[in-house]
Amino acid sequence: MSTDFYWRIGMEGDHASLRTPRRYNRGHAGGHGPGNIAPAIRGGKLDGYSYIDHMAAVVKASESAGFVGGLLPSFPITEDPWATASALARESDTYRFMVAFQPGFLHPVQAARMSASLQRATGGRLVYNIISGGGGAPQLWWGDKVAHDDRYARTSEFLDVLRGVWDGRPFDHAGRFFRTEGAALPPLLAGQPFPEVYFSGSSGAAVDAAGRHADYYLSWLEPFDALRAKFDGVRAHSGKTGGTPKFAVRIDIVARHTEEAAWTEIERGWASVDRAAADRAAQGDSVGAARIAGWVPEHITGYRDLEVQPNVWCGFSLIRGGPAFGLVGSYEQIAERLDQLIDLGVDAFILAGNPHLEEAYRVGEEVLPLLRRTTPTRIRSLSTR
């Protein structure tokens with residue numbers, strides 16, 4: 001049995017650790033300045049080490065540590081993941097690039113051409129992370145006021161058209177959101193491998209679209225019983241539409257030699273908790289975000305109040321933006337929790353840690369080799385060379 005492990009590429013910049021979540025000093029997030037690592041001013045001059053060099057270092061670190069590829073997230077504060085994937089692809093011959101994007105802001109024929117071009121250039125290393133949007137301010141940043149369920153209908157139609165033109169034969173389509181007449185990829189691009197589709201969303205509309213299009217249904221981490229029930233619901237619904245996706249989970253990790261050392265990292269980061277910022281980020285119509293909010297206590301006396309089950313902590317979004325749930329513990333404990341998730345039916349993971357560079361090495365070298373239920377895909381391929 002093999003499992004795909006991806007690592008998150010911090011495209012919005014990075015900070016030294018969860019202990020210093022407001023100090024972004026890598027990846028150009030704060031511009032050039034004293035104390036910055038990448039890029040930096042040394043001796044009064046720019047050091048020539050750019051933000052793309054830093055992301056390339058994370059790619060190489062995570063690949064060498066055993067990860068099969070990296071997630072390139074997409075937010076108003078990030079670089080464009082399509083352009084970034086193109087820039088980073090030459091840093092490796094095997095590393096996969098999981099591009100996150102919202103289908104509503106591209107025409108599917110143009111997306112097909114972009115995707116097939118990238119597949120041809122990289123030997124088929126593009127992976128889709130389809131996000132339909134969570135509403136609120138981030139959605140309005142795009143000028144998008146389409147209602148929640150309609151966003152998933154738009155995504156589904158987008159993927160229908162994209163697949164329709166993929167083989168190079170003329171494709172006509174007249175739908176609610178997109179129209180084509182005789183659209184097709186040129187012969188040089190037709191026939192490239194279609195990217196694997198990771199599809200996220202917790203609502204009924206999302207699950208319906210995932211059942212039609214997803215290779216992997218992607219979820220944030222939740223309490224394990226809730227995640228099991230969620231997967232069971234996706235299986236039951238997807239079976240009615242003719243196919244059942246595999247499952248993937250996105251997880252932040254704080255792993256150290258001992259459990260005490262891991263919780264010390266959380267304790268130090270707790271001094272920077274910003275509940276108001278987390279509340280603002282959660283605004284919108286995302287069902288997944290609403291599910292997460294239901295597990296966060298209204299009254300919190302300390303960081304351990306947010307440990308909902310052993311090593312499962314729902315306070316990450318209070319320290320830094322992103323998913324609330326993650327894993328905290330010793331290397332052995334984190335490996336055991338990942339094994340339990342694999343037993344639940346998880347086939348792939350997107351892991352992350354701050355700083356992305358050093359934590360890629362730590363998790364890849366100290367945690368992944370301890371897994372008992374599976375062989376991480378990349379590690380297995382390295383061991384058989």
# chains A, B, ... in the order shown; residues from 1 in each chain; ligands from 1
$ select_by_dssp --residues "segment 290-321 of chain A" --states "strand (DSSP E)" --output "PyMOL selection string"
chain A and resi 307-309+312-313
$ residues_around --residues "Gln192 of chain A" --least-positions-apart "5" --cutoff "8 Å" --atoms "only C-alpha atoms" --output "list in words"
Ala116, Gln119, Arg120 and Gly124 of chain A
$ residues_around --residues "segment 180-185 of chain A" --least-positions-apart "5" --cutoff "7 Å" --atoms "only C-alpha atoms" --output "list in words"
Arg113, Val165, Trp166, Gly168, Arg169, Pro170, Phe171, Asp172, His173, Ala174 and Ala190 of chain A
$ write_last_selection --atoms "C-alpha atoms" --output "tab-separated table (two decimals), in the first residue's frame"
chain	number	residue	atom	x	y	z
A	113	ARG	CA	-4.55	25.05	-22.91
A	165	VAL	CA	-11.89	19.90	-25.20
A	166	TRP	CA	-9.01	17.85	-23.78
A	168	GLY	CA	-8.51	17.71	-29.31
A	169	ARG	CA	-11.84	17.04	-31.00
A	170	PRO	CA	-14.20	20.01	-31.58
A	171	PHE	CA	-16.46	20.53	-28.58
A	172	ASP	CA	-19.66	22.56	-28.44
A	173	HIS	CA	-21.23	23.64	-25.18
A	174	ALA	CA	-24.00	26.04	-24.21
A	190	ALA	CA	-4.12	17.09	-27.18
$ residues_around --residues "Arg151 of chain A" --least-positions-apart "3" --cutoff "6 Å" --atoms "only C-alpha atoms" --output "list in words"
Ser132, His148 and Arg154 of chain A
$ residues_around --residues "segment 262-276 of chain A" --least-positions-apart "3" --cutoff "7 Å" --atoms "only C-alpha atoms" --output "NGL selection string"
:A and (18-20 or 254-256 or 258-259 or 279-280 or 303 or 318-319 or 328-330)
$ write_last_selection --atoms "C-alpha atoms" --output "compact mmCIF listing (two decimals), in the first residue's frame"
# COMPACT_ATOMS: atom_id res chain seq x y z
CA LEU A 18 4.91 29.52 15.22
CA ARG A 19 6.64 31.32 18.06
CA THR A 20 6.98 34.37 15.80
CA VAL A 254 4.16 20.51 15.02
CA ALA A 255 6.35 17.46 15.66
CA ARG A 256 9.31 17.30 18.02
CA THR A 258 9.08 14.75 22.74
CA GLU A 259 5.44 15.68 23.22
CA ASP A 279 -13.07 35.53 13.25
CA ARG A 280 -12.70 37.93 10.33
CA TYR A 303 -4.15 26.54 24.62
CA LEU A 318 -5.71 31.63 16.11
CA ILE A 319 -1.93 31.83 15.72
CA VAL A 328 0.90 18.34 17.84
CA GLY A 329 3.14 15.77 19.48
CA SER A 330 6.25 13.65 19.36
$ closest_residue --among "A:Val367, A:Pro103, A:Arg372, A:Gly201" --to "Leu351 of chain A" --atoms "only C-alpha atoms"
A:Val367
$ closest_residue --among "A:Gly13, A:Pro310, A:Gly243, A:Gly322" --to "His54 of chain A" --atoms "only C-alpha atoms"
A:Gly13
$ closest_residue --among "A:Arg337, A:Arg96, A:Arg320, A:Arg179" --to "Pro223 of chain A" --atoms "only C-alpha atoms"
A:Arg337
$ residues_around --residues "Ile131 of chain A" --least-positions-apart "2" --cutoff "10 Å" --atoms "only C-alpha atoms" --output "compact mmCIF listing (two decimals) with N, CA and C atoms, in the first residue's frame"
# COMPACT_ATOMS: atom_id res chain seq x y z
N SER A 74 -3.60 29.50 -3.36
CA SER A 74 -4.01 30.71 -4.08
C SER A 74 -4.91 31.56 -3.19
N ALA A 100 -3.61 25.32 -6.89
CA ALA A 100 -4.93 25.66 -6.37
C ALA A 100 -5.51 26.80 -7.20
N PHE A 101 -6.76 26.65 -7.61
CA PHE A 101 -7.38 27.74 -8.37
C PHE A 101 -8.90 27.62 -8.29
N GLN A 102 -9.55 28.79 -8.52
CA GLN A 102 -11.00 28.84 -8.57
C GLN A 102 -11.42 28.87 -10.04
N PRO A 103 -12.16 27.87 -10.49
CA PRO A 103 -12.53 27.80 -11.90
C PRO A 103 -13.34 28.99 -12.40
N GLY A 104 -14.01 29.72 -11.53
CA GLY A 104 -14.85 30.82 -11.99
C GLY A 104 -14.10 31.94 -12.65
N TYR A 128 -4.44 19.30 -9.97
CA TYR A 128 -5.41 20.35 -9.68
C TYR A 128 -5.85 20.30 -8.22
N ASN A 129 -5.90 21.46 -7.57
CA ASN A 129 -6.61 21.62 -6.30
C ASN A 129 -7.76 22.58 -6.59
N GLY A 133 -14.45 28.47 -3.64
CA GLY A 133 -14.55 29.73 -2.92
C GLY A 133 -15.43 29.65 -1.70
N GLY A 134 -15.02 30.35 -0.65
CA GLY A 134 -15.75 30.30 0.62
C GLY A 134 -16.60 31.52 0.91
N ARG A 151 -21.77 28.46 -7.20
CA ARG A 151 -20.33 28.39 -7.43
C ARG A 151 -19.91 26.96 -7.72
N TYR A 152 -20.50 26.00 -7.02
CA TYR A 152 -20.17 24.60 -7.28
C TYR A 152 -20.75 24.12 -8.61
N THR A 155 -18.32 25.38 -11.10
CA THR A 155 -17.13 24.54 -11.10
C THR A 155 -17.37 23.25 -11.87
N TYR A 198 -7.96 17.16 -7.09
CA TYR A 198 -8.25 17.22 -5.66
C TYR A 198 -9.35 18.27 -5.50
N PHE A 199 -10.45 17.87 -4.89
CA PHE A 199 -11.65 18.71 -4.86
C PHE A 199 -12.07 18.90 -3.41
N SER A 200 -12.23 20.15 -2.99
CA SER A 200 -12.57 20.44 -1.60
C SER A 200 -13.94 21.08 -1.49
N GLY A 201 -14.54 20.95 -0.32
CA GLY A 201 -15.85 21.52 -0.02
C GLY A 201 -16.67 20.57 0.82
N ALA A 206 -21.03 20.76 -2.82
CA ALA A 206 -19.63 20.40 -3.04
C ALA A 206 -19.47 18.90 -3.19
N LEU A 218 -10.84 16.26 -0.92
CA LEU A 218 -9.88 16.87 0.00
C LEU A 218 -10.61 17.59 1.12
$ closest_residue --among "A:Ala57, A:Val296, A:Val197, A:Val312" --to "Tyr216 of chain A" --atoms "only C-alpha atoms"
A:Val197
$ closest_residue --among "A:Gly321, A:Ala111, A:Leu159, A:Phe224" --to "Arg212 of chain A" --atoms "only C-alpha atoms"
A:Leu159
$ closest_residue --among "A:Leu189, A:Asp150, A:Leu106, A:Lys60" --to "Ala205 of chain A" --atoms "only C-alpha atoms"
A:Asp150
$ select_by_dssp --residues "segment 34-277 of chain A" --states "alpha helix (DSSP H)" --output "ChimeraX atom specification"
/A:51-64,81-88,108-122,136-141,148-166,204-213,224-240,259-270,275-277
$ decode --residues "segment 183-199 of chain A" --atoms "N, CA and C atoms" --output "short mmCIF file (atom, residue, chain, number, x, y, z; two decimals), in the first residue's frame"
data_model
loop_
_atom_site.label_atom_id
_atom_site.label_comp_id
_atom_site.auth_asym_id
_atom_site.auth_seq_id
_atom_site.Cartn_x
_atom_site.Cartn_y
_atom_site.Cartn_z
N ALA A 183 -14.59 24.27 -29.95
CA ALA A 183 -13.36 24.46 -29.18
C ALA A 183 -12.58 23.16 -29.08
N ALA A 184 -11.26 23.25 -29.16
CA ALA A 184 -10.41 22.05 -29.07
C ALA A 184 -8.98 22.48 -28.79
N LEU A 185 -8.24 21.61 -28.15
CA LEU A 185 -6.81 21.84 -27.98
C LEU A 185 -6.10 21.58 -29.31
N PRO A 186 -5.02 22.29 -29.59
CA PRO A 186 -4.25 22.01 -30.80
C PRO A 186 -3.60 20.63 -30.73
N PRO A 187 -3.27 20.04 -31.87
CA PRO A 187 -2.73 18.68 -31.87
C PRO A 187 -1.52 18.48 -30.98
N LEU A 188 -0.64 19.47 -30.87
CA LEU A 188 0.55 19.31 -30.04
C LEU A 188 0.22 19.14 -28.56
N LEU A 189 -0.93 19.65 -28.14
CA LEU A 189 -1.30 19.60 -26.72
C LEU A 189 -2.33 18.51 -26.43
N ALA A 190 -3.09 18.11 -27.41
CA ALA A 190 -4.12 17.09 -27.18
C ALA A 190 -3.47 15.77 -26.78
N GLY A 191 -4.11 15.07 -25.85
CA GLY A 191 -3.62 13.75 -25.46
C GLY A 191 -2.66 13.75 -24.29
N GLN A 192 -2.37 14.91 -23.73
CA GLN A 192 -1.55 14.93 -22.51
C GLN A 192 -2.32 14.28 -21.37
N PRO A 193 -1.64 13.73 -20.36
CA PRO A 193 -2.37 13.14 -19.22
C PRO A 193 -3.20 14.20 -18.50
N PHE A 194 -4.44 13.85 -18.23
CA PHE A 194 -5.32 14.80 -17.54
C PHE A 194 -4.88 14.90 -16.07
N PRO A 195 -4.76 16.10 -15.52
CA PRO A 195 -4.29 16.25 -14.14
C PRO A 195 -5.21 15.56 -13.14
N GLU A 196 -4.62 14.98 -12.10
CA GLU A 196 -5.43 14.47 -11.00
C GLU A 196 -6.18 15.65 -10.37
N VAL A 197 -7.40 15.39 -9.93
CA VAL A 197 -8.25 16.44 -9.39
C VAL A 197 -8.45 16.22 -7.89
N TYR A 198 -7.96 17.16 -7.09
CA TYR A 198 -8.25 17.22 -5.66
C TYR A 198 -9.35 18.27 -5.50
N PHE A 199 -10.45 17.87 -4.89
CA PHE A 199 -11.65 18.71 -4.86
C PHE A 199 -12.07 18.90 -3.41
#
